[in-house]
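J.: Just one file: query_38.pdb, with PDB, C-alpha atoms, pLDDT in the B column.
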ATOM      1  CA  MET V  53     -45.876 -56.470 111.740  1.00 76.00           C
ATOM      2  CA  ALA V  54     -47.372 -56.686 115.243  1.00 78.00           C
ATOM      3  CA  GLY V  55     -44.261 -55.023 116.642  1.00 85.00           C
ATOM      4  CA  LEU V  56     -44.561 -52.128 114.192  1.00 89.00           C
ATOM      5  CA  THR V  57     -48.245 -51.714 114.997  1.00 90.00           C
ATOM      6  CA  ALA V  58     -47.496 -51.615 118.723  1.00 91.00           C
ATOM      7  CA  TYR V  59     -44.783 -49.029 118.119  1.00 91.00           C
ATOM      8  CA  LEU V  60     -47.075 -46.799 116.066  1.00 91.00           C
ATOM      9  CA  ASP V  61     -49.799 -47.110 118.697  1.00 90.00           C
ATOM     10  CA  SER V  62     -47.316 -46.073 121.396  1.00 91.00           C
ATOM     11  CA  ILE V  63     -46.664 -42.884 119.413  1.00 91.00           C
ATOM     12  CA  ARG V  64     -50.390 -42.183 119.024  1.00 89.00           C
ATOM     13  CA  ALA V  65     -50.699 -42.443 122.805  1.00 88.00           C
ATOM     14  CA  ARG V  66     -48.164 -39.616 123.127  1.00 88.00           C
ATOM     15  CA  ASP V  67     -49.128 -37.467 120.150  1.00 87.00           C
ATOM     16  CA  PRO V  68     -52.773 -36.606 119.355  1.00 85.00           C
ATOM     17  CA  ALA V  69     -51.921 -35.014 115.980  1.00 87.00           C
ATOM     18  CA  PRO V  70     -51.917 -38.054 113.638  1.00 88.00           C
ATOM     19  CA  HIS V  71     -55.246 -39.359 112.368  1.00 89.00           C
ATOM     20  CA  SER V  72     -53.925 -42.782 111.407  1.00 90.00           C
ATOM     21  CA  ARG V  73     -50.958 -45.119 111.734  1.00 90.00           C
ATOM     22  CA  LEU V  74     -50.062 -44.443 108.101  1.00 92.00           C
ATOM     23  CA  GLU V  75     -49.613 -40.768 108.907  1.00 92.00           C
ATOM     24  CA  ILE V  76     -47.146 -41.645 111.677  1.00 92.00           C
ATOM     25  CA  LEU V  77     -45.042 -43.497 109.109  1.00 93.00           C
ATOM     26  CA  LEU V  78     -44.227 -40.094 107.610  1.00 93.00           C
ATOM     27  CA  TYR V  79     -42.706 -38.823 110.859  1.00 93.00           C
ATOM     28  CA  PRO V  80     -38.957 -38.085 110.574  1.00 94.00           C
ATOM     29  CA  GLY V  81     -38.396 -39.540 114.052  1.00 93.00           C
ATOM     30  CA  VAL V  82     -39.789 -42.898 112.940  1.00 95.00           C
ATOM     31  CA  TRP V  83     -37.532 -43.011 109.900  1.00 96.00           C
ATOM     32  CA  ALA V  84     -34.507 -41.836 111.906  1.00 96.00           C
ATOM     33  CA  LEU V  85     -35.013 -44.697 114.344  1.00 96.00           C
ATOM     34  CA  ALA V  86     -35.469 -47.218 111.517  1.00 95.00           C
ATOM     35  CA  TRP V  87     -32.248 -46.134 109.828  1.00 96.00           C
ATOM     36  CA  HIS V  88     -30.482 -46.158 113.190  1.00 97.00           C
ATOM     37  CA  ARG V  89     -31.427 -49.799 113.718  1.00 96.00           C
ATOM     38  CA  VAL V  90     -29.632 -50.592 110.463  1.00 96.00           C
ATOM     39  CA  ALA V  91     -26.620 -48.401 111.281  1.00 97.00           C
ATOM     40  CA  HIS V  92     -26.342 -49.863 114.796  1.00 97.00           C
ATOM     41  CA  ARG V  93     -26.206 -53.427 113.455  1.00 97.00           C
ATOM     42  CA  LEU V  94     -23.455 -52.424 111.070  1.00 97.00           C
ATOM     43  CA  TYR V  95     -21.629 -50.692 113.915  1.00 96.00           C
ATOM     44  CA  ARG V  96     -21.885 -53.791 116.123  1.00 96.00           C
ATOM     45  CA  SER V  97     -20.433 -55.789 113.231  1.00 96.00           C
ATOM     46  CA  ARG V  98     -17.468 -53.355 113.120  1.00 95.00           C
ATOM     47  CA  LEU V  99     -18.517 -52.100 109.679  1.00 96.00           C
ATOM     48  CA  TYR V 100     -17.937 -48.550 110.857  1.00 95.00           C
ATOM     49  CA  PHE V 101     -17.755 -46.851 107.463  1.00 96.00           C
ATOM     50  CA  LEU V 102     -21.038 -48.370 106.301  1.00 97.00           C
ATOM     51  CA  ALA V 103     -22.642 -47.518 109.633  1.00 96.00           C
ATOM     52  CA  ARG V 104     -21.553 -43.897 109.252  1.00 96.00           C
ATOM     53  CA  LEU V 105     -22.784 -43.844 105.669  1.00 97.00           C
ATOM     54  CA  VAL V 106     -26.263 -44.906 106.780  1.00 97.00           C
ATOM     55  CA  ASN V 107     -26.081 -42.384 109.625  1.00 96.00           C
ATOM     56  CA  HIS V 108     -25.236 -39.512 107.272  1.00 96.00           C
ATOM     57  CA  PHE V 109     -27.999 -40.489 104.853  1.00 96.00           C
ATOM     58  CA  SER V 110     -30.485 -40.602 107.732  1.00 95.00           C
ATOM     59  CA  ARG V 111     -29.343 -37.210 109.025  1.00 95.00           C
ATOM     60  CA  PHE V 112     -29.734 -35.692 105.556  1.00 95.00           C
ATOM     61  CA  MET V 113     -33.257 -37.105 105.188  1.00 94.00           C
ATOM     62  CA  THR V 114     -34.586 -36.467 108.702  1.00 94.00           C
ATOM     63  CA  ALA V 115     -32.495 -33.679 110.312  1.00 93.00           C
ATOM     64  CA  ILE V 116     -31.898 -36.088 113.208  1.00 95.00           C
ATOM     65  CA  ASP V 117     -28.354 -37.227 114.015  1.00 95.00           C
ATOM     66  CA  ILE V 118     -28.131 -40.494 115.961  1.00 96.00           C
ATOM     67  CA  HIS V 119     -24.616 -41.910 116.217  1.00 96.00           C
ATOM     68  CA  PRO V 120     -24.552 -45.561 115.090  1.00 96.00           C
ATOM     69  CA  GLY V 121     -23.051 -46.570 118.440  1.00 95.00           C
ATOM     70  CA  ALA V 122     -25.983 -45.282 120.511  1.00 96.00           C
ATOM     71  CA  THR V 123     -28.111 -47.960 122.192  1.00 96.00           C
ATOM     72  CA  ILE V 124     -31.888 -47.440 121.973  1.00 96.00           C
ATOM     73  CA  GLY V 125     -34.715 -49.478 123.518  1.00 94.00           C
ATOM     74  CA  ARG V 126     -38.334 -50.077 122.518  1.00 94.00           C
ATOM     75  CA  ASN V 127     -40.933 -47.449 121.600  1.00 94.00           C
ATOM     76  CA  PHE V 128     -38.489 -44.549 121.374  1.00 95.00           C
ATOM     77  CA  PHE V 129     -40.226 -41.461 119.981  1.00 94.00           C
ATOM     78  CA  ILE V 130     -38.581 -38.316 118.611  1.00 94.00           C
ATOM     79  CA  ASP V 131     -41.288 -35.712 118.104  1.00 90.00           C
ATOM     80  CA  HIS V 132     -40.085 -33.437 115.268  1.00 86.00           C
ATOM     81  CA  GLY V 133     -36.391 -33.183 114.431  1.00 86.00           C
ATOM     82  CA  PHE V 134     -33.017 -31.480 114.899  1.00 92.00           C
ATOM     83  CA  VAL V 135     -32.015 -33.924 117.646  1.00 94.00           C
ATOM     84  CA  VAL V 136     -28.426 -35.036 118.307  1.00 95.00           C
ATOM     85  CA  ILE V 137     -27.651 -38.283 120.145  1.00 96.00           C
ATOM     86  CA  GLY V 138     -24.043 -39.201 120.874  1.00 93.00           C
ATOM     87  CA  GLU V 139     -22.114 -42.420 120.464  1.00 92.00           C
ATOM     88  CA  THR V 140     -22.249 -43.796 124.013  1.00 93.00           C
ATOM     89  CA  ALA V 141     -25.795 -42.644 124.788  1.00 95.00           C
ATOM     90  CA  GLU V 142     -28.105 -45.344 126.165  1.00 96.00           C
ATOM     91  CA  ILE V 143     -31.864 -44.924 125.888  1.00 96.00           C
ATOM     92  CA  GLY V 144     -34.374 -47.208 127.589  1.00 95.00           C
ATOM     93  CA  ASP V 145     -37.951 -48.132 126.675  1.00 95.00           C
ATOM     94  CA  ASP V 146     -40.830 -45.681 126.088  1.00 93.00           C
ATOM     95  CA  VAL V 147     -38.603 -42.597 126.096  1.00 94.00           C
ATOM     96  CA  THR V 148     -39.866 -39.402 124.421  1.00 94.00           C
ATOM     97  CA  ILE V 149     -37.614 -36.643 123.094  1.00 95.00           C
ATOM     98  CA  TYR V 150     -38.802 -33.389 121.547  1.00 92.00           C
ATOM     99  CA  GLN V 151     -37.155 -31.140 118.952  1.00 90.00           C
ATOM    100  CA  CYS V 152     -33.690 -29.586 119.283  1.00 91.00           C
ATOM    101  CA  VAL V 153     -32.556 -31.872 122.129  1.00 94.00           C
ATOM    102  CA  THR V 154     -28.895 -32.823 122.509  1.00 93.00           C
ATOM    103  CA  LEU V 155     -27.688 -35.898 124.356  1.00 95.00           C
ATOM    104  CA  GLY V 156     -24.116 -34.658 124.373  1.00 91.00           C
ATOM    105  CA  GLY V 157     -20.830 -35.958 125.647  1.00 87.00           C
ATOM    106  CA  THR V 158     -17.773 -34.818 127.501  1.00 79.00           C
ATOM    107  CA  SER V 159     -14.279 -34.704 126.052  1.00 69.00           C
ATOM    108  CA  PRO V 160     -11.952 -36.631 128.393  1.00 62.00           C
ATOM    109  CA  ASP V 161      -8.563 -35.062 129.020  1.00 59.00           C
ATOM    110  CA  ASN V 162      -6.761 -38.389 128.882  1.00 52.00           C
ATOM    111  CA  GLY V 163      -7.972 -39.178 125.368  1.00 51.00           C
ATOM    112  CA  VAL V 164      -9.792 -42.335 126.442  1.00 52.00           C
ATOM    113  CA  ALA V 165     -13.217 -42.557 124.859  1.00 64.00           C
ATOM    114  CA  GLY V 166     -15.219 -44.437 127.500  1.00 82.00           C
ATOM    115  CA  LYS V 167     -18.750 -43.533 128.510  1.00 88.00           C
ATOM    116  CA  ARG V 168     -19.237 -39.872 127.545  1.00 90.00           C
ATOM    117  CA  HIS V 169     -22.970 -39.527 126.917  1.00 93.00           C
ATOM    118  CA  PRO V 170     -26.118 -39.788 129.047  1.00 95.00           C
ATOM    119  CA  THR V 171     -28.186 -42.810 129.992  1.00 95.00           C
ATOM    120  CA  ILE V 172     -31.937 -42.161 129.712  1.00 96.00           C
ATOM    121  CA  LEU V 173     -34.008 -44.697 131.639  1.00 96.00           C
ATOM    122  CA  ASP V 174     -37.494 -46.005 130.825  1.00 95.00           C
ATOM    123  CA  GLY V 175     -40.370 -43.581 130.409  1.00 93.00           C
ATOM    124  CA  ALA V 176     -38.338 -40.373 130.649  1.00 94.00           C
ATOM    125  CA  ILE V 177     -39.407 -37.256 128.721  1.00 93.00           C
ATOM    126  CA  ILE V 178     -36.902 -34.691 127.437  1.00 94.00           C
ATOM    127  CA  GLY V 179     -38.519 -31.355 126.525  1.00 90.00           C
ATOM    128  CA  SER V 180     -37.671 -29.278 123.459  1.00 89.00           C
ATOM    129  CA  GLY V 181     -34.299 -27.555 123.423  1.00 90.00           C
ATOM    130  CA  ALA V 182     -32.977 -29.402 126.470  1.00 92.00           C
ATOM    131  CA  GLN V 183     -29.283 -30.223 126.669  1.00 94.00           C
ATOM    132  CA  VAL V 184     -28.372 -33.370 128.604  1.00 95.00           C
ATOM    133  CA  LEU V 185     -24.598 -33.488 128.877  1.00 93.00           C
ATOM    134  CA  GLY V 186     -22.067 -36.028 130.065  1.00 91.00           C
ATOM    135  CA  PRO V 187     -22.210 -39.618 131.373  1.00 92.00           C
ATOM    136  CA  ILE V 188     -25.143 -38.938 133.701  1.00 93.00           C
ATOM    137  CA  THR V 189     -28.332 -40.908 134.324  1.00 95.00           C
ATOM    138  CA  ILE V 190     -31.850 -39.570 133.800  1.00 95.00           C
ATOM    139  CA  GLY V 191     -34.115 -41.611 136.091  1.00 93.00           C
ATOM    140  CA  ARG V 192     -37.207 -43.580 135.170  1.00 94.00           C
ATOM    141  CA  ARG V 193     -40.298 -41.502 134.398  1.00 92.00           C
ATOM    142  CA  SER V 194     -38.382 -38.286 135.067  1.00 92.00           C
ATOM    143  CA  ARG V 195     -39.078 -35.175 133.005  1.00 92.00           C
ATOM    144  CA  VAL V 196     -36.693 -32.524 131.737  1.00 92.00           C
ATOM    145  CA  GLY V 197     -38.337 -29.217 130.878  1.00 88.00           C
ATOM    146  CA  ALA V 198     -37.794 -27.177 127.726  1.00 87.00           C
ATOM    147  CA  ASN V 199     -34.359 -25.545 127.347  1.00 88.00           C
ATOM    148  CA  ALA V 200     -33.054 -27.055 130.586  1.00 90.00           C
ATOM    149  CA  VAL V 201     -29.341 -27.873 130.805  1.00 92.00           C
ATOM    150  CA  VAL V 202     -28.751 -31.080 132.762  1.00 93.00           C
ATOM    151  CA  THR V 203     -25.229 -31.989 133.892  1.00 92.00           C
ATOM    152  CA  LYS V 204     -25.970 -34.127 136.967  1.00 92.00           C
ATOM    153  CA  ASP V 205     -27.933 -37.301 137.628  1.00 93.00           C
ATOM    154  CA  VAL V 206     -31.711 -36.944 137.776  1.00 92.00           C
ATOM    155  CA  ALA V 207     -33.696 -38.949 140.327  1.00 90.00           C
ATOM    156  CA  GLU V 208     -36.558 -41.228 139.349  1.00 90.00           C
ATOM    157  CA  GLY V 209     -39.760 -39.272 138.748  1.00 88.00           C
ATOM    158  CA  ALA V 210     -38.113 -35.851 139.123  1.00 89.00           C
ATOM    159  CA  VAL V 211     -39.109 -32.775 137.105  1.00 89.00           C
ATOM    160  CA  MET V 212     -36.110 -30.646 136.084  1.00 89.00           C
ATOM    161  CA  VAL V 213     -36.149 -27.049 134.824  1.00 87.00           C
ATOM    162  CA  GLY V 214     -33.685 -24.194 134.468  1.00 84.00           C
ATOM    163  CA  ILE V 215     -30.000 -23.566 133.714  1.00 83.00           C
ATOM    164  CA  PRO V 216     -28.450 -25.465 135.354  1.00 85.00           C
ATOM    165  CA  ALA V 217     -31.428 -27.775 135.742  1.00 84.00           C
ATOM    166  CA  ARG V 218     -32.878 -28.207 139.217  1.00 85.00           C
ATOM    167  CA  ALA V 219     -35.760 -30.258 140.546  1.00 83.00           C
ATOM    168  CA  THR V 220     -39.058 -28.447 141.024  1.00 77.00           C
ATOM    169  CA  VAL V 221     -41.768 -29.032 143.597  1.00 60.00           C
ATOM    170  CA  VAL V 222     -44.114 -30.113 140.804  1.00 56.00           C
ATOM    171  CA  GLU V 223     -44.962 -33.777 141.115  1.00 51.00           C
ATOM    172  CA  GLY V 224     -42.960 -35.886 138.719  1.00 48.00           C
ATOM    173  CA  GLY V 225     -43.586 -39.054 136.778  1.00 50.00           C
ATOM    174  CA  GLN V 226     -44.985 -41.411 139.372  1.00 52.00           C
ATOM    175  CA  ALA V 227     -45.776 -44.951 138.342  1.00 50.00           C
ATOM    176  CA  ASP V 228     -49.507 -44.258 138.695  1.00 51.00           C
ATOM    177  CA  ALA V 229     -49.444 -40.960 136.767  1.00 53.00           C
ATOM    178  CA  PRO V 230     -52.857 -40.522 135.081  1.00 50.00           C
ATOM    179  CA  LYS V 231     -51.631 -39.406 131.674  1.00 63.00           C
ATOM    180  CA  PHE V 232     -48.672 -38.548 129.462  1.00 68.00           C
ATOM    181  CA  VAL V 233     -47.378 -35.000 129.975  1.00 66.00           C
ATOM    182  CA  PRO V 234     -46.302 -33.403 126.644  1.00 65.00           C
ATOM    183  CA  TYR V 235     -42.933 -31.642 126.585  1.00 63.00           C
ATOM    184  CA  GLY V 236     -42.096 -33.022 130.013  1.00 63.00           C
ATOM    185  CA  THR V 237     -43.690 -30.269 132.111  1.00 65.00           C
ATOM    186  CA  PRO V 238     -47.206 -28.900 132.465  1.00 59.00           C
ATOM    187  CA  CYS V 239     -47.979 -25.747 130.510  1.00 55.00           C
ATOM    188  CA  SER V 240     -48.595 -23.498 133.514  1.00 54.00           C
ATOM    189  CA  GLU V 241     -47.447 -20.118 134.690  1.00 49.00           C
ATOM    190  CA  ILE V 242     -44.826 -21.515 137.065  1.00 50.00           C
ATOM    191  CA  PHE V 243     -42.631 -22.323 134.081  1.00 51.00           C
ATOM    192  CA  ASP V 244     -42.663 -18.738 132.850  1.00 53.00           C
ATOM    193  CA  PRO V 245     -39.000 -17.552 132.821  1.00 51.00           C
ATOM    194  CA  ALA V 246     -40.027 -14.522 134.860  1.00 51.00           C
ATOM    195  CA  THR V 247     -41.184 -16.696 137.767  1.00 52.00           C
ATOM    196  CA  GLN V 248     -38.944 -19.729 137.349  1.00 53.00           C
ATOM    197  CA  LYS V 249     -36.234 -18.451 139.740  1.00 56.00           C
ATOM    198  CA  VAL V 250     -38.815 -17.948 142.467  1.00 60.00           C
ATOM    199  CA  GLU V 251     -40.087 -21.471 141.930  1.00 57.00           C
ATOM    200  CA  LEU V 252     -36.573 -22.883 142.166  1.00 57.00           C
ATOM    201  CA  LEU V 253     -36.004 -20.988 145.425  1.00 63.00           C
ATOM    202  CA  ARG V 254     -39.229 -22.456 146.772  1.00 64.00           C
ATOM    203  CA  CYS V 255     -37.984 -25.881 145.790  1.00 61.00           C
ATOM    204  CA  GLU V 256     -34.710 -25.338 147.630  1.00 63.00           C
ATOM    205  CA  LEU V 257     -36.558 -24.150 150.743  1.00 72.00           C
ATOM    206  CA  GLU V 258     -38.782 -27.213 150.610  1.00 69.00           C
ATOM    207  CA  VAL V 259     -35.750 -29.504 150.384  1.00 67.00           C
ATOM    208  CA  MET V 260     -34.085 -27.694 153.307  1.00 76.00           C
ATOM    209  CA  ARG V 261     -37.277 -27.971 155.359  1.00 78.00           C
ATOM    210  CA  ARG V 262     -37.450 -31.703 154.769  1.00 77.00           C
ATOM    211  CA  ARG V 263     -33.799 -32.133 155.727  1.00 78.00           C
ATOM    212  CA  LEU V 264     -34.345 -30.099 158.893  1.00 84.00           C
ATOM    213  CA  ASP V 265     -37.363 -32.213 159.817  1.00 83.00           C
ATOM    214  CA  ALA V 266     -35.312 -35.359 159.291  1.00 81.00           C
ATOM    215  CA  LEU V 267     -32.471 -34.035 161.445  1.00 84.00           C
ATOM    216  CA  MET V 268     -34.871 -33.014 164.213  1.00 85.00           C
ATOM    217  CA  GLU V 269     -36.503 -36.441 164.136  1.00 84.00           C
ATOM    218  CA  GLU V 270     -33.092 -38.106 164.259  1.00 83.00           C
ATOM    219  CA  GLN V 271     -32.057 -35.915 167.198  1.00 83.00           C
ATOM    220  CA  ALA V 272     -35.288 -36.691 169.021  1.00 81.00           C
ATOM    221  CA  GLY V 273     -34.633 -40.386 168.575  1.00 78.00           C
ATOM    222  CA  THR V 274     -31.118 -39.972 169.948  1.00 78.00           C
ATOM    223  CA  ASP V 275     -32.437 -38.084 172.980  1.00 76.00           C
ATOM    224  CA  ARG V 276     -35.019 -40.795 173.686  1.00 77.00           C
ATOM    225  CA  ALA V 277     -32.347 -43.478 173.483  1.00 75.00           C
ATOM    226  CA  ALA V 278     -30.123 -41.522 175.851  1.00 74.00           C
ATOM    227  CA  THR V 279     -33.015 -41.101 178.331  1.00 75.00           C
ATOM    228  CA  ARG V 280     -33.758 -44.836 178.356  1.00 73.00           C
ATOM    229  CA  ALA V 281     -30.080 -45.559 178.922  1.00 65.00           C
TER     230      ALA V 281
END
Once you've parsed the file, please lay out its structure as structure tokens.

T.:
Amino acid sequence: MAGLTAYLDSIRARDPAPHSRLEILLYPGVWALAWHRVAHRLYRSRLYFLARLVNHFSRFMTAIDIHPGATIGRNFFIDHGFVVIGETAEIGDDVTIYQCVTLGGTSPDNGVAGKRHPTILDGAIIGSGAQVLGPITIGRRSRVGANAVVTKDVAEGAVMVGIPARATVVEGGQADAPKFVPYGTPCSEIFDPATQKVELLRCELEVMRRRLDALMEEQAGTDRAATRA
């Protein structure tokens, strides 16, 4: 009971809408996770048909499709529905996913199943409509903006927007971040589609500037060493 209370409180910390814990128990994401726990145990016991049966019932009731093979940590919160999570997806603790997100997989040419779906590390936030594809890793406390398409690894604390997703100059999910950021990115004008390309170009220029500074510092160090020699 204490574990359930802690889970419901973790959702209240991320969603101001519910007025009580009982109200959270009506959330489709809560029920989808509960049914997934059952399906995953059946899957681990190699009772694949029963696991799929529970999965299909859960999808019918909640509009959330979590493959029984997916591994999910503590305090996972799906805000609203229409989410798809693939078989080899791995989700850490305190992860938040919004509506219409897909944690999708690749189709290997050699027919070997293997790891095909993403790994989402602790505290990450995936915004609504985002597509996270392939056996990539989304770093701790990183944030993926709405409708972003992510096909490469995301660094810890990064904020990703765009198609394909790129890091922005907006500060990401640092360990001492003051508060939870809904939908993964702040609701500001820089995420307007009309200005997003400009922001991405600024980000690229900032990265190039930092690399140039590092190269110049390295060269200066080499010159000093040569002078002493």

J.: Of the candidates V:Val211, V:Leu264, V:Phe129, V:Ala91, which shows the shortest atom-to-atom distance to Asp61 of chain V, using all atoms listed in the file?

T.: V:Phe129

J.: With a distance cut-off of 7 Å and all atoms listed in the file, select the neighbouring residues of segment 170-172 of chain V, excluding the residue or stretch itself and same-chain residues fewer than 3 positions from it, and output the selection as a list in words.

T.: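 Residues near the query, excluding close chain neighbours: Ala141, Glu142, Ile143, Gly144, Leu155, Ala176, Val184, Leu185, Gly186, Pro187, Ile188, Thr189, Ile190 and Gly191 of chain V.
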
J.: Could you check the closest approach to Asp205 of chain V for each of V:Leu173, V:Phe101, V:Gly179, V:Glu269 and tell me which residue wins, using all atoms listed in the file?

T.: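 Smallest distance to Asp205 of chain V is found for V:Leu173.
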
J.: What is the distance between atom CA of Met212 of chain V and atom CA of Tyr59 of chain V, in Å to one decimal?

T.: 27.1 Å

J.: Step by step, work through what the PyMOL selection byres ((chain V and resi 76) around 12) selects in the shown file, and finish by giving those residues as an NGL selection string.

T.: :V and (56-57 or 59-75 or 77-83 or 129-132)

J.: One decimal, in Å: what's the spacing between atom CA of Thr220 of chain V and atom CA of Ala198 of chain V?

T.: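 These two atoms are separated by 13.4 Å.
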
J.: Counting only C-alpha atoms, find the residues whose atoms lie at most 7 Å from (-25.3, -34.4, 123.7) (file coordinates) and write them out as number ranges by chain.

T.: V: 136-138, 154-157, 169, 183-185

J.: What is the atom CA of Ala103 of chain V to atom CA of Asn127 of chain V distance in Å?

T.: 21.9 Å

J.: Rank V:Gly181, V:Pro120, V:Gly197, V:Gly166 by their smallest atom-to-atom distance to His88 of chain V, using only C-alpha atoms, and report the top residue only.

T.: V:Pro120

J.: Using all atoms listed in the file, which of the listed residues (V:Met113, V:Leu85, V:Thr158, V:Arg195) sits closest to Gly125 of chain V?

T.: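 Ranking V:Met113, V:Leu85, V:Thr158, V:Arg195 by distance to Gly125 of chain V, first place goes to V:Leu85.
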
J.: Some atoms are absent from segment 136-158 of chain V, so rebuild N, CA and C atoms and return them as a PDB file, keeping the file's coordinate frame.

T.:
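Final file, selection_37.pdb:
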ATOM      1  N   VAL V 136     -29.760 -34.450 118.398  1.00 95.00           N
ATOM      2  CA  VAL V 136     -28.426 -35.036 118.307  1.00 95.00           C
ATOM      3  C   VAL V 136     -28.246 -36.018 119.460  1.00 95.00           C
ATOM      4  N   ILE V 137     -27.868 -37.249 119.137  1.00 96.00           N
ATOM      5  CA  ILE V 137     -27.651 -38.283 120.145  1.00 96.00           C
ATOM      6  C   ILE V 137     -26.259 -38.866 119.941  1.00 96.00           C
ATOM      7  N   GLY V 138     -25.443 -38.811 120.982  1.00 93.00           N
ATOM      8  CA  GLY V 138     -24.043 -39.201 120.874  1.00 93.00           C
ATOM      9  C   GLY V 138     -23.781 -40.692 120.905  1.00 93.00           C
ATOM     10  N   GLU V 139     -22.540 -41.037 120.661  1.00 92.00           N
ATOM     11  CA  GLU V 139     -22.114 -42.420 120.464  1.00 92.00           C
ATOM     12  C   GLU V 139     -22.404 -43.337 121.650  1.00 92.00           C
ATOM     13  N   THR V 140     -22.102 -42.908 122.863  1.00 93.00           N
ATOM     14  CA  THR V 140     -22.249 -43.796 124.013  1.00 93.00           C
ATOM     15  C   THR V 140     -23.554 -43.562 124.775  1.00 93.00           C
ATOM     16  N   ALA V 141     -24.489 -42.839 124.162  1.00 95.00           N
ATOM     17  CA  ALA V 141     -25.795 -42.644 124.788  1.00 95.00           C
ATOM     18  C   ALA V 141     -26.538 -43.977 124.874  1.00 95.00           C
ATOM     19  N   GLU V 142     -27.269 -44.159 125.974  1.00 96.00           N
ATOM     20  CA  GLU V 142     -28.105 -45.344 126.165  1.00 96.00           C
ATOM     21  C   GLU V 142     -29.518 -44.874 126.494  1.00 96.00           C
ATOM     22  N   ILE V 143     -30.480 -45.348 125.733  1.00 96.00           N
ATOM     23  CA  ILE V 143     -31.864 -44.924 125.888  1.00 96.00           C
ATOM     24  C   ILE V 143     -32.733 -46.150 126.149  1.00 96.00           C
ATOM     25  N   GLY V 144     -33.534 -46.080 127.217  1.00 95.00           N
ATOM     26  CA  GLY V 144     -34.374 -47.208 127.589  1.00 95.00           C
ATOM     27  C   GLY V 144     -35.660 -47.281 126.788  1.00 95.00           C
ATOM     28  N   ASP V 145     -36.674 -47.938 127.351  1.00 95.00           N
ATOM     29  CA  ASP V 145     -37.951 -48.132 126.675  1.00 95.00           C
ATOM     30  C   ASP V 145     -38.898 -46.954 126.937  1.00 95.00           C
ATOM     31  N   ASP V 146     -39.747 -46.675 125.952  1.00 93.00           N
ATOM     32  CA  ASP V 146     -40.830 -45.681 126.088  1.00 93.00           C
ATOM     33  C   ASP V 146     -40.326 -44.282 126.417  1.00 93.00           C
ATOM     34  N   VAL V 147     -39.178 -43.939 125.890  1.00 94.00           N
ATOM     35  CA  VAL V 147     -38.603 -42.597 126.096  1.00 94.00           C
ATOM     36  C   VAL V 147     -39.111 -41.665 124.994  1.00 94.00           C
ATOM     37  N   THR V 148     -39.398 -40.411 125.374  1.00 94.00           N
ATOM     38  CA  THR V 148     -39.866 -39.402 124.421  1.00 94.00           C
ATOM     39  C   THR V 148     -38.913 -38.216 124.427  1.00 94.00           C
ATOM     40  N   ILE V 149     -38.498 -37.793 123.240  1.00 95.00           N
ATOM     41  CA  ILE V 149     -37.614 -36.643 123.094  1.00 95.00           C
ATOM     42  C   ILE V 149     -38.240 -35.676 122.095  1.00 95.00           C
ATOM     43  N   TYR V 150     -38.248 -34.403 122.432  1.00 92.00           N
ATOM     44  CA  TYR V 150     -38.802 -33.389 121.547  1.00 92.00           C
ATOM     45  C   TYR V 150     -37.691 -32.702 120.743  1.00 92.00           C
ATOM     46  N   GLN V 151     -38.072 -31.737 119.916  1.00 90.00           N
ATOM     47  CA  GLN V 151     -37.155 -31.140 118.952  1.00 90.00           C
ATOM     48  C   GLN V 151     -35.995 -30.397 119.627  1.00 90.00           C
ATOM     49  N   CYS V 152     -34.870 -30.381 118.899  1.00 91.00           N
ATOM     50  CA  CYS V 152     -33.690 -29.586 119.283  1.00 91.00           C
ATOM     51  C   CYS V 152     -33.061 -30.040 120.594  1.00 91.00           C
ATOM     52  N   VAL V 153     -33.188 -31.312 120.922  1.00 94.00           N
ATOM     53  CA  VAL V 153     -32.556 -31.872 122.129  1.00 94.00           C
ATOM     54  C   VAL V 153     -31.181 -32.413 121.758  1.00 94.00           C
ATOM     55  N   THR V 154     -30.228 -32.247 122.681  1.00 93.00           N
ATOM     56  CA  THR V 154     -28.895 -32.823 122.509  1.00 93.00           C
ATOM     57  C   THR V 154     -28.581 -33.741 123.674  1.00 93.00           C
ATOM     58  N   LEU V 155     -28.253 -34.985 123.366  1.00 95.00           N
ATOM     59  CA  LEU V 155     -27.688 -35.898 124.356  1.00 95.00           C
ATOM     60  C   LEU V 155     -26.192 -35.904 124.101  1.00 95.00           C
ATOM     61  N   GLY V 156     -25.506 -34.931 124.713  1.00 91.00           N
ATOM     62  CA  GLY V 156     -24.116 -34.658 124.373  1.00 91.00           C
ATOM     63  C   GLY V 156     -23.129 -35.318 125.311  1.00 91.00           C
ATOM     64  N   GLY V 157     -21.875 -35.292 124.887  1.00 87.00           N
ATOM     65  CA  GLY V 157     -20.830 -35.958 125.647  1.00 87.00           C
ATOM     66  C   GLY V 157     -19.752 -35.017 126.137  1.00 87.00           C
ATOM     67  N   THR V 158     -18.930 -35.543 126.999  1.00 79.00           N
ATOM     68  CA  THR V 158     -17.773 -34.818 127.501  1.00 79.00           C
ATOM     69  C   THR V 158     -16.545 -35.232 126.702  1.00 79.00           C
TER      70      THR V 158
END
